[in-house]
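Participant: Quick one: this structure, given as structure tokens, is what I'll be asking you about.
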Amino acid sequence: MQVKVSLRGHLVQMVAGERFRDSSGETVIVPTHSSIADLLAQVGLQLKDVGFVARNGVACRVDSALSDGDEVAVFPILAGG
Amino acid sequence: MGTIVRVDTRTHQVKTSENTAHRLLAGRGLTSTIVAEEVRPTCDALGRFNKLVIAPALLAGTPAMNVNRVSIGAKSPLTGGIKESNVGGVLATALVSNGISALVLEDAPDGGPWQILEITDGAVRFLSGDELAGLSNYAAVERIHEKFGEGVAIVCIGQAGEMGLTAATIATTDPEGRPSRHAGRGGLGAVMGSKRIKAIVIHRGSHRPAPAVQLQPFRDQVSEWAHKLSAEKKSLTTYGNAQIVDTSNGVGALPTRNFRAGRFEHASEINGATMAAIQPPRGGRMGHACSPGCAIRCSNIYHGPDGRHLTSGLEYESIGMLGSNLEIGNLDDIARIERKCDDYGLDTIEVGAAIGVAMEAGLIPFGDPAGALNLLDEIGRGTLLGRLLGNGAAITGKVLGVQRVPVVKGQGMAAYDPRAMKGTGVTYATSPMGADHTAGNVMPGRRGLDSAKPEVLPHLPEGQVEISRDLQVMAAVLDCTMCIYVGYVKESMERLAALLSAYFGIPVSLEDLVKLGRYVLMTERKFNIAAGVGAATDRLPEFFYHEPLEPSGLVFDVSEEDIEGFYDFSAPLGD
């Protein structure tokens, strides 16, 4: 299935080739029944570097299952604010 | 331990005594303790019985990183409760170099001429400030530098503070000598103005804080933590906290059109990436340290399209409240509005909330930056309309007949919609500070003191009271000791405990710090209850409970019963 992925902040630089630079998202093909954690591993991000993930504009846990067509935004750990 | 310097602004007498407070009480812990012990809770915040307390953080002036912060406290004329507003800049190191643990401005004259306080080697003298009267912050600071030299640290108020407006800030100078760092919240500039003090000028003294008892372990802790902060906070260094535009917008919590929506169609034009892209070619820069010894450097120096300095420290909360909240989607427009706020000495959050309410009332349309700048000039000139706006969102809403007013305890919310970030909503409701995100901002992905507990999702009501409480406790600890940008997480508390243990040469535990945070919160809570700002005011405005936030449809649904249990803890400080 296909999902659209965007990375925020310095997470862009943490993935080879900076292929997720476009904030509107990059299409990624993932196996059926993949979770958010599976997707993060597939794009080359470690959980320790991820602050939170929003799926279709709503924050979710990394063990959440993905559905075809989901839009996934991945945010770095934030301090301050 | 340093000294407590008490300045009677009525008689001009100055008394200096040794600071005998508990060794962990500094910054907010010290300002709130002094205010709670010495200020009558029912007093007029702009009258003779209020006190303005200025206290550097615990390790300020030492080689530790991110410790050069200052707390400014008083009874707030905006909320009617106790207030602490935290600020960076060069003030902390200047106070410590004069051996000062707290500067307390007491009493108030019956009008009369404006004064400047000049501090040299711990001694205070009054000088005429009349030549500065009526000047904005940038103009006043320029005059002060001409007269006293470039090396002084400056605390001053603009026209807003002189007029006693409850959105008035206290400005302090940054490392470039500009009045860009503000103790912004709660109208403390009006308290300073009520004492007829236009500015405080502090010469660098020769006092040095005591060295760490366990010098090498202290150095090792500092080195390790500083490297870790520098490595892990690269996003803040690169994009500043303006990156939070993406976060808030991503979870639908970015206030838009007076808190009607949580998504802004122009978010990508006002975010950290845009700022980081446009500033270097203009001569501005990201990665600026607002205070000496900062390992994170989240501040910025913002230049306009003409390549000249426009403002410094343009932060997310200003971008949200003066930008998306007003439907203004251009960073330069926002920077111009923010500069005017800094210059007149106005809280960008409170003024952003007030102008949002004024736009809701139809005074000017949403998306009108020129109109917003005109309204700010009304405040600076002290017109009737300007004084209305300069007294904050709550009064603006009452006078203009608007019920969608985003305030708690009379104070405007920061740029986080509580329907989509419910833990921050709990903090707004329960903090002794009123709707103040810095008291414990439950950003998505944050965890409380018990890291074994499952992650709390920002849009669900479950677990929000507990995590808000944990974050408020940790925020209170950091307000005594360090910049909150080191992160109010359990790991920071553990590192801080180790750092303090090495500094004092006696064990300081995580539990000791939790006790400190609870003590600070409960001290402030008791003051507020006696001031009439107790449990009945721990509520968000009604529209948040029933008006769905666009586009998520979320409402604030943390139960009142849960919120009423927020303060179910005891708070002895211990030995």
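In the structure tokens, the first chain shown is A, the next is B, and so on; residue numbers restart at 1 for each chain, and ligands run from 1 in the order shown.
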Would you pick out the contacts of Ser128 of chain B at 9 Å or less, using only C-alpha atoms, so that residues sharing its chain but fewer than 4 positions from it are not included, and give the list as a short mmCIF file (atom, residue, chain, number, x, y, z; two decimals) with N, CA, C and O atoms, in the first residue's frame?
Facilitator:
data_model
loop_
_atom_site.label_atom_id
_atom_site.label_comp_id
_atom_site.auth_asym_id
_atom_site.auth_seq_id
_atom_site.Cartn_x
_atom_site.Cartn_y
_atom_site.Cartn_z
N PRO B 113 8.51 62.38 39.74
CA PRO B 113 9.41 62.16 38.61
C PRO B 113 9.79 60.69 38.42
O PRO B 113 9.78 59.92 39.37
N TRP B 114 10.16 60.36 37.17
CA TRP B 114 10.66 59.02 36.87
C TRP B 114 12.09 58.89 37.36
O TRP B 114 12.84 59.86 37.39
N GLN B 115 12.45 57.67 37.74
CA GLN B 115 13.77 57.41 38.30
C GLN B 115 14.50 56.34 37.49
O GLN B 115 13.87 55.47 36.87
N ILE B 116 15.83 56.41 37.54
CA ILE B 116 16.69 55.32 37.07
C ILE B 116 17.40 54.77 38.29
O ILE B 116 17.88 55.55 39.13
N LEU B 117 17.46 53.46 38.41
CA LEU B 117 18.31 52.86 39.45
C LEU B 117 19.63 52.48 38.80
O LEU B 117 19.65 51.78 37.78
N LEU B 132 14.19 60.14 30.15
CA LEU B 132 13.78 58.92 29.44
C LEU B 132 12.26 58.79 29.36
O LEU B 132 11.76 57.93 28.63
#
Participant: Which chain B residues are at most 6 Å from chain A (counting only C-alpha atoms), as a PyMOL selection string?
Facilitator: chain B and resi 235+250-251+445+484-485+487
Participant: Ranking B:Lys234, B:Lys490, B:Lys83, B:Arg6 by minimum distance to Ala123 of chain B and counting only C-alpha atoms, which one comes first?
Facilitator: B:Arg6
Participant: As a ChimeraX atom specification, please: every residue in chain A that a backbone DSSP assignment puts in strand (DSSP E).
Facilitator: /A:2-7,26-29,50-55,58-60,71-76
Participant: Looking at only C-alpha atoms, which of B:Ala183, B:Leu388, B:Cys341, B:Ala57 is the one that sits closest to Ser85 of chain B?
Facilitator: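 Distance minimum relative to Ser85 of chain B lands on B:Ala183.
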Participant: Go through B:Tyr416, B:Tyr138, B:Phe544, B:Phe556 one by one, measure the shortest atom-to-atom distance of each to Arg339 of chain B using only C-alpha atoms, and give the residue with the smallest value.
Facilitator: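 For Arg339 of chain B, the nearest of the given residues is B:Tyr138.
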Participant: Mind giving me the straight-line distance from atom CA of Glu561 of chain B to atom CA of Ser248 of chain B in Å, one decimal?
Facilitator: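 Taking atom CA of Glu561 of chain B as the start and atom CA of Ser248 of chain B as the end point, the length is 27.4 Å.
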Participant: Looking at B:Arg446, B:Lys422, B:Arg336, B:Arg196, which one is nearest to His459 of chain B, with distances taken over only C-alpha atoms?
Facilitator: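 Among the listed residues, B:Lys422 lies closest to His459 of chain B.
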Participant: As a list in words, please: all residues of chain A that backbone DSSP puts in alpha helix (DSSP H).
Facilitator: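 Here are the alpha helix (DSSP H) residues of chain A: Ile36, Ala37, Asp38, Leu39, Leu40, Ala41, Gln42 and Val43 of chain A.
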Participant: Write out, as a PDB file, in the first residue's frame, the residues just selected, with all heavy atoms.
Facilitator:
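Just written: part.pdb:
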ATOM      1  N   ILE A  36       3.263   2.306  12.067  1.00  0.00           N
ATOM      2  CA  ILE A  36       4.063   3.530  11.966  1.00  0.00           C
ATOM      3  C   ILE A  36       5.539   3.209  12.238  1.00  0.00           C
ATOM      4  O   ILE A  36       6.435   3.680  11.551  1.00  0.00           O
ATOM      5  CB  ILE A  36       3.567   4.584  12.984  1.00  0.00           C
ATOM      6  CG1 ILE A  36       2.127   4.985  12.708  1.00  0.00           C
ATOM      7  CG2 ILE A  36       4.501   5.782  13.017  1.00  0.00           C
ATOM      8  CD1 ILE A  36       1.914   5.995  11.633  1.00  0.00           C
ATOM      9  N   ALA A  37       5.775   2.371  13.257  1.00  0.00           N
ATOM     10  CA  ALA A  37       7.161   2.012  13.604  1.00  0.00           C
ATOM     11  C   ALA A  37       7.837   1.317  12.432  1.00  0.00           C
ATOM     12  O   ALA A  37       9.021   1.575  12.147  1.00  0.00           O
ATOM     13  CB  ALA A  37       7.172   1.113  14.846  1.00  0.00           C
ATOM     14  N   ASP A  38       7.113   0.446  11.744  1.00  0.00           N
ATOM     15  CA  ASP A  38       7.681  -0.226  10.565  1.00  0.00           C
ATOM     16  C   ASP A  38       8.062   0.807   9.504  1.00  0.00           C
ATOM     17  O   ASP A  38       9.120   0.727   8.884  1.00  0.00           O
ATOM     18  CB  ASP A  38       6.668  -1.207   9.961  1.00  0.00           C
ATOM     19  CG  ASP A  38       6.324  -2.334  10.917  1.00  0.00           C
ATOM     20  OD1 ASP A  38       7.198  -2.703  11.729  1.00  0.00           O
ATOM     21  OD2 ASP A  38       5.181  -2.830  10.862  1.00  0.00           O
ATOM     22  N   LEU A  39       7.177   1.768   9.305  1.00  0.00           N
ATOM     23  CA  LEU A  39       7.435   2.802   8.296  1.00  0.00           C
ATOM     24  C   LEU A  39       8.690   3.606   8.651  1.00  0.00           C
ATOM     25  O   LEU A  39       9.532   3.880   7.791  1.00  0.00           O
ATOM     26  CB  LEU A  39       6.216   3.739   8.200  1.00  0.00           C
ATOM     27  CG  LEU A  39       6.401   4.989   7.352  1.00  0.00           C
ATOM     28  CD1 LEU A  39       6.540   4.635   5.879  1.00  0.00           C
ATOM     29  CD2 LEU A  39       5.237   5.962   7.547  1.00  0.00           C
ATOM     30  N   LEU A  40       8.800   3.966   9.929  1.00  0.00           N
ATOM     31  CA  LEU A  40       9.965   4.754  10.353  1.00  0.00           C
ATOM     32  C   LEU A  40      11.253   3.989  10.098  1.00  0.00           C
ATOM     33  O   LEU A  40      12.244   4.536   9.616  1.00  0.00           O
ATOM     34  CB  LEU A  40       9.843   5.125  11.841  1.00  0.00           C
ATOM     35  CG  LEU A  40       8.660   6.037  12.205  1.00  0.00           C
ATOM     36  CD1 LEU A  40       8.607   6.252  13.721  1.00  0.00           C
ATOM     37  CD2 LEU A  40       8.763   7.374  11.489  1.00  0.00           C
ATOM     38  N   ALA A  41      11.225   2.699  10.412  1.00  0.00           N
ATOM     39  CA  ALA A  41      12.412   1.866  10.174  1.00  0.00           C
ATOM     40  C   ALA A  41      12.713   1.798   8.678  1.00  0.00           C
ATOM     41  O   ALA A  41      13.873   1.880   8.263  1.00  0.00           O
ATOM     42  CB  ALA A  41      12.183   0.469  10.744  1.00  0.00           C
ATOM     43  N   GLN A  42      11.658   1.703   7.890  1.00  0.00           N
ATOM     44  CA  GLN A  42      11.843   1.581   6.436  1.00  0.00           C
ATOM     45  C   GLN A  42      12.496   2.836   5.839  1.00  0.00           C
ATOM     46  O   GLN A  42      13.340   2.735   4.953  1.00  0.00           O
ATOM     47  CB  GLN A  42      10.491   1.319   5.775  1.00  0.00           C
ATOM     48  CG  GLN A  42      10.592   1.048   4.274  1.00  0.00           C
ATOM     49  CD  GLN A  42       9.242   0.667   3.681  1.00  0.00           C
ATOM     50  OE1 GLN A  42       8.418   0.032   4.334  1.00  0.00           O
ATOM     51  NE2 GLN A  42       9.016   1.064   2.439  1.00  0.00           N
ATOM     52  N   VAL A  43      12.106   4.015   6.356  1.00  0.00           N
ATOM     53  CA  VAL A  43      12.695   5.242   5.793  1.00  0.00           C
ATOM     54  C   VAL A  43      14.046   5.569   6.434  1.00  0.00           C
ATOM     55  O   VAL A  43      14.732   6.482   5.998  1.00  0.00           O
ATOM     56  CB  VAL A  43      11.749   6.467   5.900  1.00  0.00           C
ATOM     57  CG1 VAL A  43      10.439   6.199   5.212  1.00  0.00           C
ATOM     58  CG2 VAL A  43      11.546   6.882   7.338  1.00  0.00           C
TER      59      VAL A  43
END
Participant: Extract, using only C-alpha atoms, all DNA, RNA and protein residues at most 12 Å from Ile395 of chain B, discarding same-chain residues fewer than 4 positions from it, and format them as a PDB file with N, CA, C and O atoms, in the first residue's frame.
Facilitator:
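New file selection.pdb:
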ATOM      1  N   LEU B  78      -2.693  41.850  35.945  1.00  0.00           N
ATOM      2  CA  LEU B  78      -3.535  41.247  34.905  1.00  0.00           C
ATOM      3  C   LEU B  78      -4.390  40.122  35.473  1.00  0.00           C
ATOM      4  O   LEU B  78      -5.598  40.073  35.249  1.00  0.00           O
ATOM      5  N   THR B  79      -3.766  39.204  36.216  1.00  0.00           N
ATOM      6  CA  THR B  79      -4.507  38.046  36.733  1.00  0.00           C
ATOM      7  C   THR B  79      -5.034  38.271  38.149  1.00  0.00           C
ATOM      8  O   THR B  79      -5.937  37.564  38.586  1.00  0.00           O
ATOM      9  N   LEU B 165      -0.402  49.814  31.778  1.00  0.00           N
ATOM     10  CA  LEU B 165      -1.234  48.861  31.043  1.00  0.00           C
ATOM     11  C   LEU B 165      -0.899  47.436  31.475  1.00  0.00           C
ATOM     12  O   LEU B 165       0.267  47.097  31.688  1.00  0.00           O
ATOM     13  N   THR B 166      -1.906  46.608  31.562  1.00  0.00           N
ATOM     14  CA  THR B 166      -1.675  45.274  32.124  1.00  0.00           C
ATOM     15  C   THR B 166      -1.080  44.289  31.109  1.00  0.00           C
ATOM     16  O   THR B 166      -0.853  43.138  31.444  1.00  0.00           O
ATOM     17  N   ALA B 167      -0.842  44.727  29.884  1.00  0.00           N
ATOM     18  CA  ALA B 167      -0.066  43.909  28.941  1.00  0.00           C
ATOM     19  C   ALA B 167       1.380  44.390  28.870  1.00  0.00           C
ATOM     20  O   ALA B 167       2.129  43.979  27.986  1.00  0.00           O
ATOM     21  N   GLU B 350      -0.311  38.556  24.810  1.00  0.00           N
ATOM     22  CA  GLU B 350      -1.522  39.249  25.265  1.00  0.00           C
ATOM     23  C   GLU B 350      -2.072  40.171  24.184  1.00  0.00           C
ATOM     24  O   GLU B 350      -3.286  40.220  23.932  1.00  0.00           O
ATOM     25  N   VAL B 351      -1.174  40.887  23.538  1.00  0.00           N
ATOM     26  CA  VAL B 351      -1.606  41.825  22.498  1.00  0.00           C
ATOM     27  C   VAL B 351      -2.135  41.067  21.278  1.00  0.00           C
ATOM     28  O   VAL B 351      -3.130  41.467  20.668  1.00  0.00           O
ATOM     29  N   ALA B 353      -3.642  38.200  21.397  1.00  0.00           N
ATOM     30  CA  ALA B 353      -4.983  37.754  21.784  1.00  0.00           C
ATOM     31  C   ALA B 353      -5.972  38.923  21.733  1.00  0.00           C
ATOM     32  O   ALA B 353      -7.104  38.777  21.254  1.00  0.00           O
ATOM     33  N   ALA B 354      -5.544  40.101  22.208  1.00  0.00           N
ATOM     34  CA  ALA B 354      -6.444  41.269  22.242  1.00  0.00           C
ATOM     35  C   ALA B 354      -6.801  41.731  20.822  1.00  0.00           C
ATOM     36  O   ALA B 354      -7.963  42.047  20.538  1.00  0.00           O
ATOM     37  N   ILE B 355      -5.814  41.766  19.942  1.00  0.00           N
ATOM     38  CA  ILE B 355      -6.101  42.205  18.567  1.00  0.00           C
ATOM     39  C   ILE B 355      -6.960  41.154  17.859  1.00  0.00           C
ATOM     40  O   ILE B 355      -7.848  41.501  17.067  1.00  0.00           O
ATOM     41  N   VAL B 357      -9.270  39.426  19.261  1.00  0.00           N
ATOM     42  CA  VAL B 357     -10.622  39.722  19.738  1.00  0.00           C
ATOM     43  C   VAL B 357     -11.168  40.975  19.041  1.00  0.00           C
ATOM     44  O   VAL B 357     -12.344  41.026  18.645  1.00  0.00           O
ATOM     45  N   ALA B 358     -10.299  41.975  18.872  1.00  0.00           N
ATOM     46  CA  ALA B 358     -10.726  43.209  18.187  1.00  0.00           C
ATOM     47  C   ALA B 358     -11.091  42.915  16.730  1.00  0.00           C
ATOM     48  O   ALA B 358     -12.043  43.502  16.190  1.00  0.00           O
ATOM     49  N   LEU B 385      -8.675  53.859  22.760  1.00  0.00           N
ATOM     50  CA  LEU B 385      -8.683  52.531  22.136  1.00  0.00           C
ATOM     51  C   LEU B 385      -7.384  51.782  22.454  1.00  0.00           C
ATOM     52  O   LEU B 385      -7.405  50.577  22.747  1.00  0.00           O
ATOM     53  N   GLY B 386      -6.272  52.506  22.403  1.00  0.00           N
ATOM     54  CA  GLY B 386      -4.983  51.878  22.690  1.00  0.00           C
ATOM     55  C   GLY B 386      -4.925  51.357  24.119  1.00  0.00           C
ATOM     56  O   GLY B 386      -4.450  50.245  24.372  1.00  0.00           O
ATOM     57  N   ARG B 387      -5.428  52.135  25.055  1.00  0.00           N
ATOM     58  CA  ARG B 387      -5.413  51.696  26.463  1.00  0.00           C
ATOM     59  C   ARG B 387      -6.317  50.479  26.661  1.00  0.00           C
ATOM     60  O   ARG B 387      -6.045  49.606  27.488  1.00  0.00           O
ATOM     61  N   LEU B 388      -7.400  50.442  25.898  1.00  0.00           N
ATOM     62  CA  LEU B 388      -8.293  49.285  25.959  1.00  0.00           C
ATOM     63  C   LEU B 388      -7.534  48.026  25.529  1.00  0.00           C
ATOM     64  O   LEU B 388      -7.491  47.026  26.261  1.00  0.00           O
ATOM     65  N   LEU B 389      -6.914  48.085  24.364  1.00  0.00           N
ATOM     66  CA  LEU B 389      -6.180  46.919  23.849  1.00  0.00           C
ATOM     67  C   LEU B 389      -4.991  46.578  24.744  1.00  0.00           C
ATOM     68  O   LEU B 389      -4.685  45.402  24.973  1.00  0.00           O
ATOM     69  N   GLY B 390      -4.334  47.598  25.248  1.00  0.00           N
ATOM     70  CA  GLY B 390      -3.144  47.397  26.072  1.00  0.00           C
ATOM     71  C   GLY B 390      -3.452  46.841  27.446  1.00  0.00           C
ATOM     72  O   GLY B 390      -2.546  46.494  28.201  1.00  0.00           O
ATOM     73  N   ASN B 391      -4.724  46.779  27.782  1.00  0.00           N
ATOM     74  CA  ASN B 391      -5.107  46.128  29.028  1.00  0.00           C
ATOM     75  C   ASN B 391      -5.537  44.686  28.806  1.00  0.00           C
ATOM     76  O   ASN B 391      -6.082  44.047  29.711  1.00  0.00           O
ATOM     77  N   VAL B 399     -15.444  45.012  26.539  1.00  0.00           N
ATOM     78  CA  VAL B 399     -15.857  46.320  26.017  1.00  0.00           C
ATOM     79  C   VAL B 399     -16.420  46.199  24.606  1.00  0.00           C
ATOM     80  O   VAL B 399     -17.399  46.875  24.265  1.00  0.00           O
ATOM     81  N   LEU B 400     -15.845  45.319  23.804  1.00  0.00           N
ATOM     82  CA  LEU B 400     -16.288  45.199  22.409  1.00  0.00           C
ATOM     83  C   LEU B 400     -17.396  44.159  22.234  1.00  0.00           C
ATOM     84  O   LEU B 400     -17.860  43.926  21.121  1.00  0.00           O
ATOM     85  N   GLY B 401     -17.806  43.526  23.318  1.00  0.00           N
ATOM     86  CA  GLY B 401     -18.942  42.607  23.226  1.00  0.00           C
ATOM     87  C   GLY B 401     -18.619  41.294  22.536  1.00  0.00           C
ATOM     88  O   GLY B 401     -19.451  40.739  21.827  1.00  0.00           O
ATOM     89  N   VAL B 402     -17.399  40.792  22.753  1.00  0.00           N
ATOM     90  CA  VAL B 402     -16.988  39.519  22.152  1.00  0.00           C
ATOM     91  C   VAL B 402     -16.916  38.462  23.251  1.00  0.00           C
ATOM     92  O   VAL B 402     -16.349  38.710  24.318  1.00  0.00           O
ATOM     93  N   GLN B 403     -17.506  37.291  22.974  1.00  0.00           N
ATOM     94  CA  GLN B 403     -17.439  36.224  23.977  1.00  0.00           C
ATOM     95  C   GLN B 403     -16.364  35.191  23.669  1.00  0.00           C
ATOM     96  O   GLN B 403     -16.003  34.408  24.537  1.00  0.00           O
ATOM     97  N   VAL B 405     -13.181  34.816  23.778  1.00  0.00           N
ATOM     98  CA  VAL B 405     -11.988  35.478  24.311  1.00  0.00           C
ATOM     99  C   VAL B 405     -11.097  34.414  24.960  1.00  0.00           C
ATOM    100  O   VAL B 405     -11.472  33.817  25.973  1.00  0.00           O
ATOM    101  N   PRO B 406      -9.923  34.157  24.395  1.00  0.00           N
ATOM    102  CA  PRO B 406      -9.089  33.046  24.872  1.00  0.00           C
ATOM    103  C   PRO B 406      -8.239  33.420  26.078  1.00  0.00           C
ATOM    104  O   PRO B 406      -7.032  33.666  25.962  1.00  0.00           O
ATOM    105  N   VAL B 407      -8.832  33.469  27.256  1.00  0.00           N
ATOM    106  CA  VAL B 407      -8.091  33.829  28.475  1.00  0.00           C
ATOM    107  C   VAL B 407      -8.413  32.863  29.611  1.00  0.00           C
ATOM    108  O   VAL B 407      -9.473  32.239  29.625  1.00  0.00           O
ATOM    109  N   LYS B 409      -7.968  33.250  33.955  1.00  0.00           N
ATOM    110  CA  LYS B 409      -7.581  34.178  35.019  1.00  0.00           C
ATOM    111  C   LYS B 409      -7.225  35.547  34.414  1.00  0.00           C
ATOM    112  O   LYS B 409      -6.311  36.237  34.878  1.00  0.00           O
ATOM    113  N   GLY B 410      -7.926  35.888  33.354  1.00  0.00           N
ATOM    114  CA  GLY B 410      -7.741  37.205  32.747  1.00  0.00           C
ATOM    115  C   GLY B 410      -6.545  37.311  31.830  1.00  0.00           C
ATOM    116  O   GLY B 410      -6.295  38.374  31.257  1.00  0.00           O
ATOM    117  N   GLN B 411      -5.792  36.233  31.661  1.00  0.00           N
ATOM    118  CA  GLN B 411      -4.573  36.295  30.851  1.00  0.00           C
ATOM    119  C   GLN B 411      -4.745  35.529  29.540  1.00  0.00           C
ATOM    120  O   GLN B 411      -5.274  34.421  29.523  1.00  0.00           O
ATOM    121  N   GLY B 412      -4.268  36.135  28.460  1.00  0.00           N
ATOM    122  CA  GLY B 412      -4.397  35.541  27.141  1.00  0.00           C
ATOM    123  C   GLY B 412      -3.614  34.242  27.002  1.00  0.00           C
ATOM    124  O   GLY B 412      -2.520  34.096  27.538  1.00  0.00           O
TER     125      GLY B 412
END
Participant: With distances taken over only C-alpha atoms, which of B:Val39, B:Ile54, B:Glu84, B:Val408 is nearest to Gly534 of chain B?
Facilitator: B:Val408
Participant: Please provide the set of residues having any atom within 12 Å of Lys15 of chain B, restricted to only C-alpha atoms, with same-chain residues fewer than 2 positions apart removed, written as a PyMOL selection string.
Facilitator: chain B and resi 3-9+11-13+17-18+102-106+122-125
Participant: Give me, please, the distance in Å between atom CA of Met522 of chain B and atom CA of Leu91 of chain B, quoted to one decimal.
Facilitator: 27.6 Å
Participant: Residues near segment 148-151 of chain B, anyone? I mean within 10 Å using only C-alpha atoms, not counting same-chain ones fewer than 6 positions away, as a PyMOL selection string.
Facilitator: chain B and resi 94+118+141-142+175-177+201-204
Participant: So that I can check the surroundings of Val12 of chain A, please list as a list in words every protein, DNA and RNA residue that reaches within 7 Å of it, counting only C-alpha atoms and ignoring chain neighbours fewer than 6 positions away.
Facilitator: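 Within the cut-off, the hits are Glu18, Phe20 and Arg21 of chain A.
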Participant: Go ahead and dump the residues you just picked, C-alpha atoms, as a short mmCIF file (atom, residue, chain, number, x, y, z; two decimals), in the first residue's frame.
Facilitator:
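Result file follows (selection22.cif):
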data_model
loop_
_atom_site.label_atom_id
_atom_site.label_comp_id
_atom_site.auth_asym_id
_atom_site.auth_seq_id
_atom_site.Cartn_x
_atom_site.Cartn_y
_atom_site.Cartn_z
CA GLU A 18 17.11 14.18 2.14
CA PHE A 20 11.61 13.90 2.45
CA ARG A 21 12.48 17.58 2.22
#
